[in-house]
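J.: This one is coords-v7.pdb, PDB, C-alpha atoms, pLDDT in the B column.
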ATOM      1  CA  MET A   1      28.765  25.414 -25.173  1.00 91.00           C
ATOM      2  CA  ILE A   2      24.987  25.270 -25.466  1.00 96.00           C
ATOM      3  CA  LYS A   3      23.399  28.413 -26.929  1.00 96.00           C
ATOM      4  CA  LYS A   4      19.884  29.554 -27.882  1.00 96.00           C
ATOM      5  CA  ASP A   5      18.879  30.665 -31.352  1.00 93.00           C
ATOM      6  CA  SER A   6      16.398  33.418 -32.239  1.00 92.00           C
ATOM      7  CA  ARG A   7      13.505  30.967 -31.803  1.00 92.00           C
ATOM      8  CA  LYS A   8      14.739  29.929 -28.341  1.00 95.00           C
ATOM      9  CA  ASN A   9      15.903  26.480 -29.540  1.00 95.00           C
ATOM     10  CA  PHE A  10      19.028  25.094 -27.901  1.00 97.00           C
ATOM     11  CA  TYR A  11      21.968  24.370 -30.203  1.00 97.00           C
ATOM     12  CA  ILE A  12      25.665  23.526 -30.248  1.00 97.00           C
ATOM     13  CA  GLU A  13      28.206  24.193 -32.991  1.00 96.00           C
ATOM     14  CA  THR A  14      31.377  22.415 -33.988  1.00 94.00           C
ATOM     15  CA  ASP A  15      33.879  24.535 -35.910  1.00 94.00           C
ATOM     16  CA  VAL A  16      35.121  22.569 -38.924  1.00 92.00           C
ATOM     17  CA  SER A  17      37.188  25.392 -40.464  1.00 88.00           C
ATOM     18  CA  GLU A  18      40.378  23.351 -40.330  1.00 87.00           C
ATOM     19  CA  ILE A  19      39.142  21.049 -43.111  1.00 83.00           C
ATOM     20  CA  GLY A  20      38.976  23.863 -45.644  1.00 74.00           C
ATOM     21  CA  SER A  21      35.678  25.744 -45.341  1.00 83.00           C
ATOM     22  CA  ASP A  22      35.136  28.579 -42.889  1.00 92.00           C
ATOM     23  CA  GLU A  23      32.030  27.052 -41.344  1.00 94.00           C
ATOM     24  CA  SER A  24      30.522  25.167 -38.418  1.00 95.00           C
ATOM     25  CA  VAL A  25      28.195  22.201 -38.113  1.00 94.00           C
ATOM     26  CA  ARG A  26      25.199  23.163 -35.979  1.00 96.00           C
ATOM     27  CA  VAL A  27      22.962  20.676 -34.171  1.00 96.00           C
ATOM     28  CA  THR A  28      19.734  22.184 -32.869  1.00 96.00           C
ATOM     29  CA  LEU A  29      17.157  20.656 -30.554  1.00 97.00           C
ATOM     30  CA  VAL A  30      13.858  21.712 -32.137  1.00 96.00           C
ATOM     31  CA  GLU A  31      10.775  21.258 -29.960  1.00 93.00           C
ATOM     32  CA  GLU A  32       8.438  21.181 -32.949  1.00 91.00           C
ATOM     33  CA  GLY A  33      10.082  20.214 -36.232  1.00 88.00           C
ATOM     34  CA  TYR A  34       8.468  19.825 -39.648  1.00 86.00           C
ATOM     35  CA  THR A  35       6.560  16.748 -38.449  1.00 85.00           C
ATOM     36  CA  GLY A  36       5.267  18.600 -35.395  1.00 93.00           C
ATOM     37  CA  ASN A  37       7.425  16.507 -33.050  1.00 94.00           C
ATOM     38  CA  PRO A  38      10.762  17.148 -31.283  1.00 96.00           C
ATOM     39  CA  CYS A  39      13.820  16.554 -33.459  1.00 96.00           C
ATOM     40  CA  LEU A  40      17.495  17.261 -33.953  1.00 96.00           C
ATOM     41  CA  ARG A  41      18.235  19.531 -36.906  1.00 96.00           C
ATOM     42  CA  ILE A  42      21.713  19.328 -38.449  1.00 95.00           C
ATOM     43  CA  GLN A  43      22.880  22.390 -40.403  1.00 95.00           C
ATOM     44  CA  ILE A  44      25.937  24.174 -41.762  1.00 94.00           C
ATOM     45  CA  ARG A  45      26.596  27.789 -40.697  1.00 92.00           C
ATOM     46  CA  LYS A  46      28.972  29.864 -42.798  1.00 92.00           C
ATOM     47  CA  HIS A  47      31.175  32.035 -40.572  1.00 92.00           C
ATOM     48  CA  GLU A  48      31.608  34.930 -43.007  1.00 89.00           C
ATOM     49  CA  SER A  49      27.915  35.525 -43.722  1.00 91.00           C
ATOM     50  CA  GLY A  50      26.408  33.841 -40.661  1.00 88.00           C
ATOM     51  CA  LYS A  51      23.967  32.124 -43.029  1.00 91.00           C
ATOM     52  CA  VAL A  52      22.595  28.806 -41.787  1.00 90.00           C
ATOM     53  CA  TYR A  53      21.780  26.178 -44.420  1.00 93.00           C
ATOM     54  CA  MET A  54      18.866  23.863 -43.722  1.00 88.00           C
ATOM     55  CA  GLY A  55      19.664  20.237 -43.164  1.00 92.00           C
ATOM     56  CA  PRO A  56      17.928  17.050 -42.109  1.00 94.00           C
ATOM     57  CA  GLU A  57      15.682  16.761 -39.089  1.00 95.00           C
ATOM     58  CA  ILE A  58      16.077  13.541 -37.143  1.00 95.00           C
ATOM     59  CA  PRO A  59      13.292  12.523 -34.758  1.00 95.00           C
ATOM     60  CA  ILE A  60      14.572  12.801 -31.184  1.00 94.00           C
ATOM     61  CA  GLU A  61      13.858   9.142 -30.468  1.00 94.00           C
ATOM     62  CA  TYR A  62      16.652   8.216 -32.920  1.00 95.00           C
ATOM     63  CA  ALA A  63      19.294  10.487 -31.322  1.00 93.00           C
ATOM     64  CA  GLU A  64      20.963   7.801 -29.210  1.00 95.00           C
ATOM     65  CA  GLU A  65      21.089   5.319 -32.091  1.00 95.00           C
ATOM     66  CA  LEU A  66      22.436   7.974 -34.462  1.00 93.00           C
ATOM     67  CA  ILE A  67      25.236   8.914 -32.043  1.00 92.00           C
ATOM     68  CA  LYS A  68      26.092   5.243 -31.550  1.00 95.00           C
ATOM     69  CA  ASN A  69      26.223   4.684 -35.320  1.00 94.00           C
ATOM     70  CA  ILE A  70      28.449   7.727 -35.882  1.00 90.00           C
ATOM     71  CA  LYS A  71      30.835   6.448 -33.214  1.00 93.00           C
ATOM     72  CA  THR A  72      30.851   2.997 -34.843  1.00 94.00           C
ATOM     73  CA  LEU A  73      31.499   4.473 -38.272  1.00 92.00           C
ATOM     74  CA  THR A  74      34.347   6.708 -37.116  1.00 91.00           C
ATOM     75  CA  ASN A  75      36.066   3.989 -35.081  1.00 88.00           C
ATOM     76  CA  LYS A  76      36.847   1.875 -38.161  1.00 67.00           C
TER      77      LYS A  76
END
As structure tokens, what does this structure read like?

T.:
Amino acid sequence: MIKKDSRKNFYIETDVSEIGSDESVRVTLVEEGYTGNPCLRIQIRKHESGKVYMGPEIPIEYAEELIKNIKTLTNK
């Protein structure tokens, strides 16, 4: 489910609690990232505290290639 954060950015979360930590991986579409351009930000959100830990920002133009590479890596 797509949600909006406090800055009105769209994000989705994947609960990864079953692998040991009570947390989710969050991917946020940021209209103006650190470079001033649109990007995808990947973060970890702890369920207990709700704290979100900063992660990498990937320029939006690499999104399709990144998804393709993840699929390739996980299909081995």

J.: Measuring atom to atom with all atoms listed in the file, identify which of A:Ile2, A:Glu23, A:Ile70, A:Glu31 is nearest to Val52 (chain A).

T.: A:Glu23

J.: Can you work out which one of A:Ile19, A:Val25, A:Ile58, A:Val30 has the shortest atom-to-atom distance to Lys4 (chain A), counting only C-alpha atoms?

T.: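 Nearest candidate to Lys4 (chain A) out of A:Ile19, A:Val25, A:Ile58, A:Val30: A:Val30.
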
J.: Would you list the contacts of region 63-68 of chain A as an MDAnalysis selection string, taking every protein, DNA or RNA residue within 12 Å and counting all atoms listed in the file, but skipping same-chain residues closer than 6 positions in sequence?

T.: chainID A and resid 27:29 38:42 57 74:75

J.: Give me the residues within 7 Å of Arg26 (chain A) as an MDAnalysis selection string, counting only C-alpha atoms and dropping any in the same chain fewer than 3 places off.

T.: chainID A and resid 11:14 42:45

J.: Could you take the residues named above and write them with C-alpha atoms, as an mmCIF file, keeping the file's coordinate frame?

T.:
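Here's the written file out.cif:
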data_model
loop_
_atom_site.group_PDB
_atom_site.id
_atom_site.type_symbol
_atom_site.label_atom_id
_atom_site.label_comp_id
_atom_site.auth_asym_id
_atom_site.auth_seq_id
_atom_site.Cartn_x
_atom_site.Cartn_y
_atom_site.Cartn_z
ATOM 1 C CA TYR A 11 21.968 24.370 -30.203
ATOM 2 C CA ILE A 12 25.665 23.526 -30.248
ATOM 3 C CA GLU A 13 28.206 24.193 -32.991
ATOM 4 C CA THR A 14 31.377 22.415 -33.988
ATOM 5 C CA ILE A 42 21.713 19.328 -38.449
ATOM 6 C CA GLN A 43 22.880 22.390 -40.403
ATOM 7 C CA ILE A 44 25.937 24.174 -41.762
ATOM 8 C CA ARG A 45 26.596 27.789 -40.697
#

J.: CA of Ser24 (chain A) and CA of Met1 (chain A) are how many Å apart?

T.: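 Between CA of Ser24 (chain A) and CA of Met1 (chain A) the gap works out to 13.4 Å.
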
J.: With all atoms listed in the file as the atoms that count, which of A:Lys71, A:Ser17, A:Lys46, A:Glu32 lies nearest to Pro59 (chain A)?

T.: A:Glu32

J.: For region 50-76 of chain A, supply N, CA and C atoms and format the output as a compact mmCIF listing (two decimals), keeping the file's coordinate frame.

T.:
# COMPACT_ATOMS: atom_id res chain seq x y z
N GLY A 50 27.29 34.23 -41.75
CA GLY A 50 26.41 33.84 -40.66
C GLY A 50 25.20 33.05 -41.13
N LYS A 51 25.11 32.84 -42.46
CA LYS A 51 23.97 32.12 -43.03
C LYS A 51 23.97 30.67 -42.57
N VAL A 52 22.77 30.19 -42.22
CA VAL A 52 22.60 28.81 -41.79
C VAL A 52 21.84 28.08 -42.90
N TYR A 53 22.39 26.97 -43.36
CA TYR A 53 21.78 26.18 -44.42
C TYR A 53 20.99 25.03 -43.83
N MET A 54 19.74 24.89 -44.25
CA MET A 54 18.87 23.86 -43.72
C MET A 54 19.43 22.48 -44.00
N GLY A 55 19.22 21.61 -43.04
CA GLY A 55 19.66 20.24 -43.16
C GLY A 55 18.58 19.30 -42.68
N PRO A 56 18.93 18.03 -42.50
CA PRO A 56 17.93 17.05 -42.11
C PRO A 56 17.45 17.26 -40.68
N GLU A 57 16.24 16.81 -40.44
CA GLU A 57 15.68 16.76 -39.09
C GLU A 57 15.52 15.30 -38.72
N ILE A 58 16.12 14.92 -37.60
CA ILE A 58 16.08 13.54 -37.14
C ILE A 58 15.19 13.47 -35.91
N PRO A 59 14.15 12.64 -35.93
CA PRO A 59 13.29 12.52 -34.76
C PRO A 59 14.12 12.21 -33.51
N ILE A 60 13.80 12.87 -32.42
CA ILE A 60 14.57 12.80 -31.18
C ILE A 60 14.73 11.37 -30.68
N GLU A 61 13.76 10.52 -30.95
CA GLU A 61 13.86 9.14 -30.47
C GLU A 61 14.98 8.35 -31.15
N TYR A 62 15.53 8.88 -32.24
CA TYR A 62 16.65 8.22 -32.92
C TYR A 62 18.01 8.81 -32.55
N ALA A 63 18.05 9.80 -31.66
CA ALA A 63 19.29 10.49 -31.32
C ALA A 63 20.35 9.53 -30.78
N GLU A 64 19.99 8.71 -29.82
CA GLU A 64 20.96 7.80 -29.21
C GLU A 64 21.52 6.81 -30.23
N GLU A 65 20.65 6.27 -31.06
CA GLU A 65 21.09 5.32 -32.09
C GLU A 65 21.98 6.01 -33.13
N LEU A 66 21.63 7.23 -33.50
CA LEU A 66 22.44 7.97 -34.46
C LEU A 66 23.83 8.23 -33.92
N ILE A 67 23.93 8.66 -32.66
CA ILE A 67 25.24 8.91 -32.04
C ILE A 67 26.04 7.63 -31.98
N LYS A 68 25.42 6.54 -31.60
CA LYS A 68 26.09 5.24 -31.55
C LYS A 68 26.62 4.85 -32.93
N ASN A 69 25.81 5.04 -33.96
CA ASN A 69 26.22 4.68 -35.32
C ASN A 69 27.35 5.56 -35.83
N ILE A 70 27.34 6.85 -35.49
CA ILE A 70 28.45 7.73 -35.88
C ILE A 70 29.73 7.27 -35.22
N LYS A 71 29.65 6.94 -33.93
CA LYS A 71 30.84 6.45 -33.21
C LYS A 71 31.35 5.17 -33.85
N THR A 72 30.45 4.25 -34.20
CA THR A 72 30.85 3.00 -34.84
C THR A 72 31.53 3.27 -36.18
N LEU A 73 30.95 4.15 -36.96
CA LEU A 73 31.50 4.47 -38.27
C LEU A 73 32.88 5.11 -38.18
N THR A 74 33.08 5.99 -37.22
CA THR A 74 34.35 6.71 -37.12
C THR A 74 35.42 5.93 -36.39
N ASN A 75 35.08 4.82 -35.76
CA ASN A 75 36.07 3.99 -35.08
C ASN A 75 36.66 2.90 -35.97
N LYS A 76 36.32 2.90 -37.24
CA LYS A 76 36.85 1.88 -38.16
C LYS A 76 38.22 2.23 -38.64
